[in-house]
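So this one's final03.cif, mmCIF, N, CA and C atoms:
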data_final
#
loop_
_atom_site.label_atom_id
_atom_site.label_comp_id
_atom_site.auth_asym_id
_atom_site.auth_seq_id
_atom_site.Cartn_x
_atom_site.Cartn_y
_atom_site.Cartn_z
N GLY S 1 -38.46 104.97 326.14
CA GLY S 1 -37.04 105.05 325.87
C GLY S 1 -36.34 105.92 326.89
N ALA S 2 -35.04 105.94 326.82
CA ALA S 2 -34.24 106.76 327.72
C ALA S 2 -33.45 107.76 326.90
N ASP S 3 -33.64 109.03 327.19
CA ASP S 3 -32.92 110.08 326.49
C ASP S 3 -31.92 110.70 327.45
N LEU S 4 -30.73 111.03 326.94
CA LEU S 4 -29.71 111.63 327.77
C LEU S 4 -30.18 112.98 328.28
N PHE S 5 -30.01 113.22 329.56
CA PHE S 5 -30.33 114.48 330.22
C PHE S 5 -29.06 114.92 330.91
N PRO S 6 -28.84 116.21 331.10
CA PRO S 6 -27.56 116.66 331.68
C PRO S 6 -27.13 115.94 332.95
N THR S 7 -28.07 115.48 333.76
CA THR S 7 -27.70 114.84 335.02
C THR S 7 -27.89 113.33 335.01
N GLY S 8 -28.36 112.77 333.94
CA GLY S 8 -28.61 111.33 333.91
C GLY S 8 -29.49 110.97 332.74
N TYR S 9 -30.42 110.09 332.97
CA TYR S 9 -31.32 109.66 331.91
C TYR S 9 -32.76 109.94 332.29
N VAL S 10 -33.54 110.33 331.30
CA VAL S 10 -34.97 110.47 331.47
C VAL S 10 -35.60 109.21 330.90
N CYS S 11 -36.27 108.48 331.74
CA CYS S 11 -37.00 107.28 331.31
C CYS S 11 -38.46 107.69 331.19
N ALA S 12 -39.02 107.58 329.99
CA ALA S 12 -40.37 108.11 329.78
C ALA S 12 -41.12 107.33 328.71
N LYS S 13 -42.43 107.53 328.72
CA LYS S 13 -43.31 106.93 327.72
C LYS S 13 -44.30 108.00 327.27
N SER S 14 -44.37 108.19 325.97
CA SER S 14 -45.34 109.13 325.42
C SER S 14 -46.60 108.37 325.01
N GLY S 15 -47.68 109.11 324.85
CA GLY S 15 -48.90 108.45 324.43
C GLY S 15 -49.93 109.44 323.94
N THR S 16 -51.01 108.89 323.39
CA THR S 16 -52.15 109.68 322.96
C THR S 16 -53.41 109.02 323.51
N ALA S 17 -54.40 109.84 323.80
CA ALA S 17 -55.69 109.33 324.29
C ALA S 17 -56.77 109.83 323.34
N GLU S 18 -57.28 108.92 322.53
CA GLU S 18 -58.33 109.30 321.59
C GLU S 18 -59.59 109.65 322.36
N ILE S 19 -60.25 110.73 321.93
CA ILE S 19 -61.42 111.20 322.67
C ILE S 19 -62.67 111.29 321.82
N GLY S 20 -62.59 110.89 320.59
CA GLY S 20 -63.77 110.87 319.73
C GLY S 20 -63.42 111.16 318.29
N PRO S 21 -64.29 110.78 317.40
CA PRO S 21 -64.04 110.99 315.98
C PRO S 21 -63.92 112.49 315.65
N GLY S 22 -62.95 112.81 314.81
CA GLY S 22 -62.79 114.18 314.36
C GLY S 22 -62.18 115.12 315.39
N THR S 23 -61.69 114.57 316.50
CA THR S 23 -61.11 115.39 317.56
C THR S 23 -59.65 115.00 317.75
N THR S 24 -58.79 115.99 317.88
CA THR S 24 -57.37 115.71 318.11
C THR S 24 -57.20 115.05 319.48
N PRO S 25 -56.47 113.94 319.56
CA PRO S 25 -56.31 113.24 320.83
C PRO S 25 -55.53 114.06 321.85
N HIS S 26 -55.75 113.72 323.11
CA HIS S 26 -54.96 114.30 324.19
C HIS S 26 -53.56 113.68 324.12
N ALA S 27 -52.55 114.48 324.42
CA ALA S 27 -51.16 114.01 324.41
C ALA S 27 -50.70 113.77 325.85
N THR S 28 -49.92 112.72 326.05
CA THR S 28 -49.41 112.41 327.39
C THR S 28 -47.92 112.07 327.32
N PHE S 29 -47.25 112.32 328.43
CA PHE S 29 -45.83 111.98 328.55
C PHE S 29 -45.55 111.80 330.03
N ALA S 30 -45.11 110.63 330.44
CA ALA S 30 -44.87 110.33 331.85
C ALA S 30 -43.54 109.63 332.02
N GLY S 31 -42.90 109.86 333.14
CA GLY S 31 -41.63 109.19 333.38
C GLY S 31 -40.93 109.67 334.62
N PHE S 32 -39.62 109.43 334.65
CA PHE S 32 -38.82 109.82 335.81
C PHE S 32 -37.39 110.08 335.38
N LEU S 33 -36.68 110.82 336.21
CA LEU S 33 -35.27 111.09 335.99
C LEU S 33 -34.48 110.04 336.75
N GLN S 34 -33.70 109.24 336.05
CA GLN S 34 -32.94 108.16 336.67
C GLN S 34 -31.63 108.71 337.20
N ASP S 35 -31.71 109.33 338.38
CA ASP S 35 -30.55 109.94 339.00
C ASP S 35 -30.82 110.02 340.50
N GLU S 36 -30.01 109.37 341.32
CA GLU S 36 -30.24 109.34 342.76
C GLU S 36 -30.21 110.73 343.38
N ASP S 37 -29.48 111.66 342.80
CA ASP S 37 -29.40 113.01 343.33
C ASP S 37 -30.64 113.84 342.99
N TYR S 38 -31.39 113.42 342.00
CA TYR S 38 -32.59 114.14 341.56
C TYR S 38 -33.74 113.15 341.40
N PRO S 39 -34.36 112.73 342.49
CA PRO S 39 -35.43 111.73 342.42
C PRO S 39 -36.75 112.38 341.96
N LEU S 40 -36.86 112.61 340.65
CA LEU S 40 -38.00 113.32 340.10
C LEU S 40 -38.83 112.43 339.18
N ALA S 41 -40.15 112.56 339.30
CA ALA S 41 -41.07 111.88 338.40
C ALA S 41 -42.03 112.93 337.84
N PHE S 42 -42.64 112.64 336.70
CA PHE S 42 -43.51 113.65 336.09
C PHE S 42 -44.58 113.00 335.22
N ILE S 43 -45.64 113.77 335.03
CA ILE S 43 -46.68 113.46 334.05
C ILE S 43 -47.07 114.79 333.41
N VAL S 44 -47.07 114.84 332.08
CA VAL S 44 -47.51 116.02 331.36
C VAL S 44 -48.68 115.60 330.47
N ILE S 45 -49.76 116.37 330.51
CA ILE S 45 -50.93 116.11 329.68
C ILE S 45 -51.28 117.41 328.96
N VAL S 46 -51.43 117.33 327.64
CA VAL S 46 -51.86 118.48 326.86
C VAL S 46 -53.16 118.09 326.17
N GLU S 47 -54.25 118.73 326.58
CA GLU S 47 -55.54 118.43 325.98
C GLU S 47 -55.51 118.78 324.50
N ASN S 48 -55.98 117.87 323.68
CA ASN S 48 -56.01 118.03 322.22
C ASN S 48 -54.64 118.35 321.66
N GLY S 49 -53.58 117.80 322.29
CA GLY S 49 -52.21 118.09 321.88
C GLY S 49 -51.69 117.22 320.76
N GLY S 50 -52.37 116.11 320.48
CA GLY S 50 -51.91 115.22 319.42
C GLY S 50 -50.86 114.26 319.91
N SER S 51 -49.66 114.38 319.40
CA SER S 51 -48.56 113.47 319.74
C SER S 51 -47.96 113.79 321.11
N GLY S 52 -47.84 112.78 321.96
CA GLY S 52 -47.27 112.98 323.29
C GLY S 52 -45.84 113.44 323.26
N SER S 53 -45.05 112.84 322.38
CA SER S 53 -43.63 113.21 322.34
C SER S 53 -43.45 114.63 321.80
N ALA S 54 -44.23 115.02 320.81
CA ALA S 54 -44.08 116.35 320.22
C ALA S 54 -44.65 117.44 321.13
N ALA S 55 -45.81 117.20 321.72
CA ALA S 55 -46.48 118.23 322.51
C ALA S 55 -45.97 118.30 323.94
N CYS S 56 -45.66 117.16 324.54
CA CYS S 56 -45.38 117.12 325.98
C CYS S 56 -43.91 117.03 326.35
N ALA S 57 -43.10 116.36 325.54
CA ALA S 57 -41.70 116.16 325.90
C ALA S 57 -40.95 117.48 326.12
N PRO S 58 -41.13 118.49 325.26
CA PRO S 58 -40.43 119.75 325.51
C PRO S 58 -40.85 120.41 326.83
N ILE S 59 -42.12 120.29 327.18
CA ILE S 59 -42.62 120.84 328.45
C ILE S 59 -41.96 120.10 329.61
N ALA S 60 -41.94 118.78 329.55
CA ALA S 60 -41.31 117.98 330.61
C ALA S 60 -39.83 118.36 330.74
N GLY S 61 -39.14 118.54 329.63
CA GLY S 61 -37.73 118.90 329.67
C GLY S 61 -37.49 120.22 330.38
N GLU S 62 -38.31 121.21 330.07
CA GLU S 62 -38.16 122.52 330.72
C GLU S 62 -38.44 122.44 332.21
N ILE S 63 -39.47 121.71 332.58
CA ILE S 63 -39.82 121.56 334.00
C ILE S 63 -38.70 120.82 334.74
N LEU S 64 -38.17 119.76 334.16
CA LEU S 64 -37.08 119.02 334.81
C LEU S 64 -35.85 119.89 334.99
N LYS S 65 -35.52 120.71 334.01
CA LYS S 65 -34.37 121.61 334.13
C LYS S 65 -34.53 122.55 335.31
N VAL S 66 -35.72 123.14 335.44
CA VAL S 66 -35.99 124.06 336.55
C VAL S 66 -35.91 123.32 337.88
N CYS S 67 -36.46 122.12 337.94
CA CYS S 67 -36.40 121.33 339.18
C CYS S 67 -34.97 121.01 339.58
N VAL S 68 -34.15 120.60 338.61
CA VAL S 68 -32.75 120.28 338.89
C VAL S 68 -32.00 121.53 339.36
N GLU S 69 -32.23 122.66 338.70
CA GLU S 69 -31.59 123.92 339.12
C GLU S 69 -32.00 124.29 340.53
N THR S 70 -33.27 124.11 340.86
CA THR S 70 -33.76 124.42 342.20
C THR S 70 -33.13 123.50 343.24
N LEU S 71 -33.05 122.22 342.95
CA LEU S 71 -32.43 121.27 343.88
C LEU S 71 -30.94 121.58 344.06
N ASP S 72 -30.29 122.03 343.01
CA ASP S 72 -28.85 122.37 343.10
C ASP S 72 -28.62 123.57 344.02
N ARG S 73 -29.60 124.45 344.16
CA ARG S 73 -29.45 125.63 345.03
C ARG S 73 -29.56 125.29 346.50
N ASP S 74 -30.26 124.20 346.80
CA ASP S 74 -30.48 123.85 348.22
C ASP S 74 -29.35 123.10 348.83
#
Could you render the structure as C-alpha cells?
Amino acid sequence: GADLFPTGYVCAKSGTAEIGPGTTPHATFAGFLQDEDYPLAFIVIVENGGSGSAACAPIAGEILKVCVETLDRD
C-alpha cells in the first residue's frame, strides 16, 4: 500500500518469514519513497519481530525522516 509521508508517498510491502514451529517469524518491510526529490529505497528486517508492519514500519519511518532531513541540508 501507499501511506502518506510528508514529502510524498511511501510504497511498501510488509511480510513475515516463518522460521520453524514455535518460533516467532522474522518481520520484513521493504519499499521506496515515491518522490523525485528523495529517491530513497529501504528494507527493514527484525529477527523474530513477528508482524512486518508492526515491527518494521516505525523503524522505516524514522530512518526515512532522517534521510529526508539530511538531503534537505545539502
Q.
Using all atoms listed in the file, which protein or nucleic acid residues come within 6 Å of region 25-34 of chain S? Drop anything in the same chain fewer than 6 positions from it, and give the result as an MDAnalysis selection string.
A. chainID S and resid 8:19 40:53 56:57
Take the residues just selected and output them with N, CA and C atoms as an mmCIF file, in the frame of the given file.
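Output file out.cif follows:
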data_model
loop_
_atom_site.group_PDB
_atom_site.id
_atom_site.type_symbol
_atom_site.label_atom_id
_atom_site.label_comp_id
_atom_site.auth_asym_id
_atom_site.auth_seq_id
_atom_site.Cartn_x
_atom_site.Cartn_y
_atom_site.Cartn_z
ATOM 1 N N GLY S 8 -28.360 112.770 333.940
ATOM 2 C CA GLY S 8 -28.610 111.330 333.910
ATOM 3 C C GLY S 8 -29.490 110.970 332.740
ATOM 4 N N TYR S 9 -30.420 110.090 332.970
ATOM 5 C CA TYR S 9 -31.320 109.660 331.910
ATOM 6 C C TYR S 9 -32.760 109.940 332.290
ATOM 7 N N VAL S 10 -33.540 110.330 331.300
ATOM 8 C CA VAL S 10 -34.970 110.470 331.470
ATOM 9 C C VAL S 10 -35.600 109.210 330.900
ATOM 10 N N CYS S 11 -36.270 108.480 331.740
ATOM 11 C CA CYS S 11 -37.000 107.280 331.310
ATOM 12 C C CYS S 11 -38.460 107.690 331.190
ATOM 13 N N ALA S 12 -39.020 107.580 329.990
ATOM 14 C CA ALA S 12 -40.370 108.110 329.780
ATOM 15 C C ALA S 12 -41.120 107.330 328.710
ATOM 16 N N LYS S 13 -42.430 107.530 328.720
ATOM 17 C CA LYS S 13 -43.310 106.930 327.720
ATOM 18 C C LYS S 13 -44.300 108.000 327.270
ATOM 19 N N SER S 14 -44.370 108.190 325.970
ATOM 20 C CA SER S 14 -45.340 109.130 325.420
ATOM 21 C C SER S 14 -46.600 108.370 325.010
ATOM 22 N N GLY S 15 -47.680 109.110 324.850
ATOM 23 C CA GLY S 15 -48.900 108.450 324.430
ATOM 24 C C GLY S 15 -49.930 109.440 323.940
ATOM 25 N N THR S 16 -51.010 108.890 323.390
ATOM 26 C CA THR S 16 -52.150 109.680 322.960
ATOM 27 C C THR S 16 -53.410 109.020 323.510
ATOM 28 N N ALA S 17 -54.400 109.840 323.800
ATOM 29 C CA ALA S 17 -55.690 109.330 324.290
ATOM 30 C C ALA S 17 -56.770 109.830 323.340
ATOM 31 N N GLU S 18 -57.280 108.920 322.530
ATOM 32 C CA GLU S 18 -58.330 109.300 321.590
ATOM 33 C C GLU S 18 -59.590 109.650 322.360
ATOM 34 N N ILE S 19 -60.250 110.730 321.930
ATOM 35 C CA ILE S 19 -61.420 111.200 322.670
ATOM 36 C C ILE S 19 -62.670 111.290 321.820
ATOM 37 N N LEU S 40 -36.860 112.610 340.650
ATOM 38 C CA LEU S 40 -38.000 113.320 340.100
ATOM 39 C C LEU S 40 -38.830 112.430 339.180
ATOM 40 N N ALA S 41 -40.150 112.560 339.300
ATOM 41 C CA ALA S 41 -41.070 111.880 338.400
ATOM 42 C C ALA S 41 -42.030 112.930 337.840
ATOM 43 N N PHE S 42 -42.640 112.640 336.700
ATOM 44 C CA PHE S 42 -43.510 113.650 336.090
ATOM 45 C C PHE S 42 -44.580 113.000 335.220
ATOM 46 N N ILE S 43 -45.640 113.770 335.030
ATOM 47 C CA ILE S 43 -46.680 113.460 334.050
ATOM 48 C C ILE S 43 -47.070 114.790 333.410
ATOM 49 N N VAL S 44 -47.070 114.840 332.080
ATOM 50 C CA VAL S 44 -47.510 116.020 331.360
ATOM 51 C C VAL S 44 -48.680 115.600 330.470
ATOM 52 N N ILE S 45 -49.760 116.370 330.510
ATOM 53 C CA ILE S 45 -50.930 116.110 329.680
ATOM 54 C C ILE S 45 -51.280 117.410 328.960
ATOM 55 N N VAL S 46 -51.430 117.330 327.640
ATOM 56 C CA VAL S 46 -51.860 118.480 326.860
ATOM 57 C C VAL S 46 -53.160 118.090 326.170
ATOM 58 N N GLU S 47 -54.250 118.730 326.580
ATOM 59 C CA GLU S 47 -55.540 118.430 325.980
ATOM 60 C C GLU S 47 -55.510 118.780 324.500
ATOM 61 N N ASN S 48 -55.980 117.870 323.680
ATOM 62 C CA ASN S 48 -56.010 118.030 322.220
ATOM 63 C C ASN S 48 -54.640 118.350 321.660
ATOM 64 N N GLY S 49 -53.580 117.800 322.290
ATOM 65 C CA GLY S 49 -52.210 118.090 321.880
ATOM 66 C C GLY S 49 -51.690 117.220 320.760
ATOM 67 N N GLY S 50 -52.370 116.110 320.480
ATOM 68 C CA GLY S 50 -51.910 115.220 319.420
ATOM 69 C C GLY S 50 -50.860 114.260 319.910
ATOM 70 N N SER S 51 -49.660 114.380 319.400
ATOM 71 C CA SER S 51 -48.560 113.470 319.740
ATOM 72 C C SER S 51 -47.960 113.790 321.110
ATOM 73 N N GLY S 52 -47.840 112.780 321.960
ATOM 74 C CA GLY S 52 -47.270 112.980 323.290
ATOM 75 C C GLY S 52 -45.840 113.440 323.260
ATOM 76 N N SER S 53 -45.050 112.840 322.380
ATOM 77 C CA SER S 53 -43.630 113.210 322.340
ATOM 78 C C SER S 53 -43.450 114.630 321.800
ATOM 79 N N CYS S 56 -45.660 117.160 324.540
ATOM 80 C CA CYS S 56 -45.380 117.120 325.980
ATOM 81 C C CYS S 56 -43.910 117.030 326.350
ATOM 82 N N ALA S 57 -43.100 116.360 325.540
ATOM 83 C CA ALA S 57 -41.700 116.160 325.900
ATOM 84 C C ALA S 57 -40.950 117.480 326.120
#
(Q) Would you compute the distance between atom N of Leu64 (chain S) and atom C of Thr24 (chain S)? Give it in Å to one decimal. (A)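 Separation of atom N of Leu64 (chain S) and atom C of Thr24 (chain S): 24.5 Å.
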Q: Work out how far apart CA of Asp35 (chain S) and CA of Ala55 (chain S) are and give it in Å to one decimal.
A: 24.4 Å
Q | Pairwise distance for CA of Glu62 (chain S) and atom N of Tyr38 (chain S), rounded to one decimal in Å | A | 16.0 Å
Q: Write down as a VMD selection string the residues of chain S whose backbone DSSP state falls under helix (DSSP H, G or I).
A: chain S and resid 52 to 73
Q. If you run DSSP on this backbone, which residues of chain S come out as strand (DSSP E), and could you give them as a list in words?
A.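 Filtering chain S to strand (DSSP E) leaves Ala2, Asp3, Leu4, Phe5, Gly8, Tyr9, Val10, Cys11, Ala12, Lys13, Ser14, Gly15, Thr16, Ala17, His26, Ala27, Thr28, Phe29, Ala30, Gly31, Phe32, Leu33, Gln34, Ala41, Phe42, Ile43, Val44, Ile45 and Val46 of chain S.
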Residue selection dump (N, CA and C atoms) as a PDB file, in the coordinates of the input:
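out_39.pdb, written as the output of this step:
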ATOM      1  N   ALA S   2     -35.040 105.940 326.820  1.00  0.00           N
ATOM      2  CA  ALA S   2     -34.240 106.760 327.720  1.00  0.00           C
ATOM      3  C   ALA S   2     -33.450 107.760 326.900  1.00  0.00           C
ATOM      4  N   ASP S   3     -33.640 109.030 327.190  1.00  0.00           N
ATOM      5  CA  ASP S   3     -32.920 110.080 326.490  1.00  0.00           C
ATOM      6  C   ASP S   3     -31.920 110.700 327.450  1.00  0.00           C
ATOM      7  N   LEU S   4     -30.730 111.030 326.940  1.00  0.00           N
ATOM      8  CA  LEU S   4     -29.710 111.630 327.770  1.00  0.00           C
ATOM      9  C   LEU S   4     -30.180 112.980 328.280  1.00  0.00           C
ATOM     10  N   PHE S   5     -30.010 113.220 329.560  1.00  0.00           N
ATOM     11  CA  PHE S   5     -30.330 114.480 330.220  1.00  0.00           C
ATOM     12  C   PHE S   5     -29.060 114.920 330.910  1.00  0.00           C
ATOM     13  N   GLY S   8     -28.360 112.770 333.940  1.00  0.00           N
ATOM     14  CA  GLY S   8     -28.610 111.330 333.910  1.00  0.00           C
ATOM     15  C   GLY S   8     -29.490 110.970 332.740  1.00  0.00           C
ATOM     16  N   TYR S   9     -30.420 110.090 332.970  1.00  0.00           N
ATOM     17  CA  TYR S   9     -31.320 109.660 331.910  1.00  0.00           C
ATOM     18  C   TYR S   9     -32.760 109.940 332.290  1.00  0.00           C
ATOM     19  N   VAL S  10     -33.540 110.330 331.300  1.00  0.00           N
ATOM     20  CA  VAL S  10     -34.970 110.470 331.470  1.00  0.00           C
ATOM     21  C   VAL S  10     -35.600 109.210 330.900  1.00  0.00           C
ATOM     22  N   CYS S  11     -36.270 108.480 331.740  1.00  0.00           N
ATOM     23  CA  CYS S  11     -37.000 107.280 331.310  1.00  0.00           C
ATOM     24  C   CYS S  11     -38.460 107.690 331.190  1.00  0.00           C
ATOM     25  N   ALA S  12     -39.020 107.580 329.990  1.00  0.00           N
ATOM     26  CA  ALA S  12     -40.370 108.110 329.780  1.00  0.00           C
ATOM     27  C   ALA S  12     -41.120 107.330 328.710  1.00  0.00           C
ATOM     28  N   LYS S  13     -42.430 107.530 328.720  1.00  0.00           N
ATOM     29  CA  LYS S  13     -43.310 106.930 327.720  1.00  0.00           C
ATOM     30  C   LYS S  13     -44.300 108.000 327.270  1.00  0.00           C
ATOM     31  N   SER S  14     -44.370 108.190 325.970  1.00  0.00           N
ATOM     32  CA  SER S  14     -45.340 109.130 325.420  1.00  0.00           C
ATOM     33  C   SER S  14     -46.600 108.370 325.010  1.00  0.00           C
ATOM     34  N   GLY S  15     -47.680 109.110 324.850  1.00  0.00           N
ATOM     35  CA  GLY S  15     -48.900 108.450 324.430  1.00  0.00           C
ATOM     36  C   GLY S  15     -49.930 109.440 323.940  1.00  0.00           C
ATOM     37  N   THR S  16     -51.010 108.890 323.390  1.00  0.00           N
ATOM     38  CA  THR S  16     -52.150 109.680 322.960  1.00  0.00           C
ATOM     39  C   THR S  16     -53.410 109.020 323.510  1.00  0.00           C
ATOM     40  N   ALA S  17     -54.400 109.840 323.800  1.00  0.00           N
ATOM     41  CA  ALA S  17     -55.690 109.330 324.290  1.00  0.00           C
ATOM     42  C   ALA S  17     -56.770 109.830 323.340  1.00  0.00           C
ATOM     43  N   HIS S  26     -55.750 113.720 323.110  1.00  0.00           N
ATOM     44  CA  HIS S  26     -54.960 114.300 324.190  1.00  0.00           C
ATOM     45  C   HIS S  26     -53.560 113.680 324.120  1.00  0.00           C
ATOM     46  N   ALA S  27     -52.550 114.480 324.420  1.00  0.00           N
ATOM     47  CA  ALA S  27     -51.160 114.010 324.410  1.00  0.00           C
ATOM     48  C   ALA S  27     -50.700 113.770 325.850  1.00  0.00           C
ATOM     49  N   THR S  28     -49.920 112.720 326.050  1.00  0.00           N
ATOM     50  CA  THR S  28     -49.410 112.410 327.390  1.00  0.00           C
ATOM     51  C   THR S  28     -47.920 112.070 327.320  1.00  0.00           C
ATOM     52  N   PHE S  29     -47.250 112.320 328.430  1.00  0.00           N
ATOM     53  CA  PHE S  29     -45.830 111.980 328.550  1.00  0.00           C
ATOM     54  C   PHE S  29     -45.550 111.800 330.030  1.00  0.00           C
ATOM     55  N   ALA S  30     -45.110 110.630 330.440  1.00  0.00           N
ATOM     56  CA  ALA S  30     -44.870 110.330 331.850  1.00  0.00           C
ATOM     57  C   ALA S  30     -43.540 109.630 332.020  1.00  0.00           C
ATOM     58  N   GLY S  31     -42.900 109.860 333.140  1.00  0.00           N
ATOM     59  CA  GLY S  31     -41.630 109.190 333.380  1.00  0.00           C
ATOM     60  C   GLY S  31     -40.930 109.670 334.620  1.00  0.00           C
ATOM     61  N   PHE S  32     -39.620 109.430 334.650  1.00  0.00           N
ATOM     62  CA  PHE S  32     -38.820 109.820 335.810  1.00  0.00           C
ATOM     63  C   PHE S  32     -37.390 110.080 335.380  1.00  0.00           C
ATOM     64  N   LEU S  33     -36.680 110.820 336.210  1.00  0.00           N
ATOM     65  CA  LEU S  33     -35.270 111.090 335.990  1.00  0.00           C
ATOM     66  C   LEU S  33     -34.480 110.040 336.750  1.00  0.00           C
ATOM     67  N   GLN S  34     -33.700 109.240 336.050  1.00  0.00           N
ATOM     68  CA  GLN S  34     -32.940 108.160 336.670  1.00  0.00           C
ATOM     69  C   GLN S  34     -31.630 108.710 337.200  1.00  0.00           C
ATOM     70  N   ALA S  41     -40.150 112.560 339.300  1.00  0.00           N
ATOM     71  CA  ALA S  41     -41.070 111.880 338.400  1.00  0.00           C
ATOM     72  C   ALA S  41     -42.030 112.930 337.840  1.00  0.00           C
ATOM     73  N   PHE S  42     -42.640 112.640 336.700  1.00  0.00           N
ATOM     74  CA  PHE S  42     -43.510 113.650 336.090  1.00  0.00           C
ATOM     75  C   PHE S  42     -44.580 113.000 335.220  1.00  0.00           C
ATOM     76  N   ILE S  43     -45.640 113.770 335.030  1.00  0.00           N
ATOM     77  CA  ILE S  43     -46.680 113.460 334.050  1.00  0.00           C
ATOM     78  C   ILE S  43     -47.070 114.790 333.410  1.00  0.00           C
ATOM     79  N   VAL S  44     -47.070 114.840 332.080  1.00  0.00           N
ATOM     80  CA  VAL S  44     -47.510 116.020 331.360  1.00  0.00           C
ATOM     81  C   VAL S  44     -48.680 115.600 330.470  1.00  0.00           C
ATOM     82  N   ILE S  45     -49.760 116.370 330.510  1.00  0.00           N
ATOM     83  CA  ILE S  45     -50.930 116.110 329.680  1.00  0.00           C
ATOM     84  C   ILE S  45     -51.280 117.410 328.960  1.00  0.00           C
ATOM     85  N   VAL S  46     -51.430 117.330 327.640  1.00  0.00           N
ATOM     86  CA  VAL S  46     -51.860 118.480 326.860  1.00  0.00           C
ATOM     87  C   VAL S  46     -53.160 118.090 326.170  1.00  0.00           C
TER      88      VAL S  46
END
Which centre and edge lengths in Å to one decimal define the box along x, y and z that fits every listed atom of region 22-36 of chain S plus 5 Å per side, as lines of an AutoDock Vina configuration file?
center_x = -46.5
center_y = 112.1
center_z = 328.9
size_x = 42.9
size_y = 17.8
size_z = 39.0
Can you take the partial region 47-58 of chain S, add N, CA, C and O atoms, and return it as a PDB file, in the coordinates of the input?
ATOM      1  N   GLU S  47     -54.250 118.730 326.580  1.00  0.00           N
ATOM      2  CA  GLU S  47     -55.540 118.430 325.980  1.00  0.00           C
ATOM      3  C   GLU S  47     -55.510 118.780 324.500  1.00  0.00           C
ATOM      4  O   GLU S  47     -55.047 119.853 324.116  1.00  0.00           O
ATOM      5  N   ASN S  48     -55.980 117.870 323.680  1.00  0.00           N
ATOM      6  CA  ASN S  48     -56.010 118.030 322.220  1.00  0.00           C
ATOM      7  C   ASN S  48     -54.640 118.350 321.660  1.00  0.00           C
ATOM      8  O   ASN S  48     -54.513 119.062 320.659  1.00  0.00           O
ATOM      9  N   GLY S  49     -53.580 117.800 322.290  1.00  0.00           N
ATOM     10  CA  GLY S  49     -52.210 118.090 321.880  1.00  0.00           C
ATOM     11  C   GLY S  49     -51.690 117.220 320.760  1.00  0.00           C
ATOM     12  O   GLY S  49     -50.650 117.517 320.182  1.00  0.00           O
ATOM     13  N   GLY S  50     -52.370 116.110 320.480  1.00  0.00           N
ATOM     14  CA  GLY S  50     -51.910 115.220 319.420  1.00  0.00           C
ATOM     15  C   GLY S  50     -50.860 114.260 319.910  1.00  0.00           C
ATOM     16  O   GLY S  50     -51.090 113.447 320.788  1.00  0.00           O
ATOM     17  N   SER S  51     -49.660 114.380 319.400  1.00  0.00           N
ATOM     18  CA  SER S  51     -48.560 113.470 319.740  1.00  0.00           C
ATOM     19  C   SER S  51     -47.960 113.790 321.110  1.00  0.00           C
ATOM     20  O   SER S  51     -47.584 114.936 321.370  1.00  0.00           O
ATOM     21  N   GLY S  52     -47.840 112.780 321.960  1.00  0.00           N
ATOM     22  CA  GLY S  52     -47.270 112.980 323.290  1.00  0.00           C
ATOM     23  C   GLY S  52     -45.840 113.440 323.260  1.00  0.00           C
ATOM     24  O   GLY S  52     -45.444 114.348 323.993  1.00  0.00           O
ATOM     25  N   SER S  53     -45.050 112.840 322.380  1.00  0.00           N
ATOM     26  CA  SER S  53     -43.630 113.210 322.340  1.00  0.00           C
ATOM     27  C   SER S  53     -43.450 114.630 321.800  1.00  0.00           C
ATOM     28  O   SER S  53     -42.630 115.396 322.302  1.00  0.00           O
ATOM     29  N   ALA S  54     -44.230 115.020 320.810  1.00  0.00           N
ATOM     30  CA  ALA S  54     -44.080 116.350 320.220  1.00  0.00           C
ATOM     31  C   ALA S  54     -44.650 117.440 321.130  1.00  0.00           C
ATOM     32  O   ALA S  54     -44.039 118.492 321.306  1.00  0.00           O
ATOM     33  N   ALA S  55     -45.810 117.200 321.720  1.00  0.00           N
ATOM     34  CA  ALA S  55     -46.480 118.230 322.510  1.00  0.00           C
ATOM     35  C   ALA S  55     -45.970 118.300 323.940  1.00  0.00           C
ATOM     36  O   ALA S  55     -45.851 119.389 324.503  1.00  0.00           O
ATOM     37  N   CYS S  56     -45.660 117.160 324.540  1.00  0.00           N
ATOM     38  CA  CYS S  56     -45.380 117.120 325.980  1.00  0.00           C
ATOM     39  C   CYS S  56     -43.910 117.030 326.350  1.00  0.00           C
ATOM     40  O   CYS S  56     -43.506 117.539 327.399  1.00  0.00           O
ATOM     41  N   ALA S  57     -43.100 116.360 325.540  1.00  0.00           N
ATOM     42  CA  ALA S  57     -41.700 116.160 325.900  1.00  0.00           C
ATOM     43  C   ALA S  57     -40.950 117.480 326.120  1.00  0.00           C
ATOM     44  O   ALA S  57     -40.202 117.605 327.092  1.00  0.00           O
ATOM     45  N   PRO S  58     -41.130 118.490 325.260  1.00  0.00           N
ATOM     46  CA  PRO S  58     -40.430 119.750 325.510  1.00  0.00           C
ATOM     47  C   PRO S  58     -40.850 120.410 326.830  1.00  0.00           C
ATOM     48  O   PRO S  58     -40.025 120.994 327.535  1.00  0.00           O
TER      49      PRO S  58
END
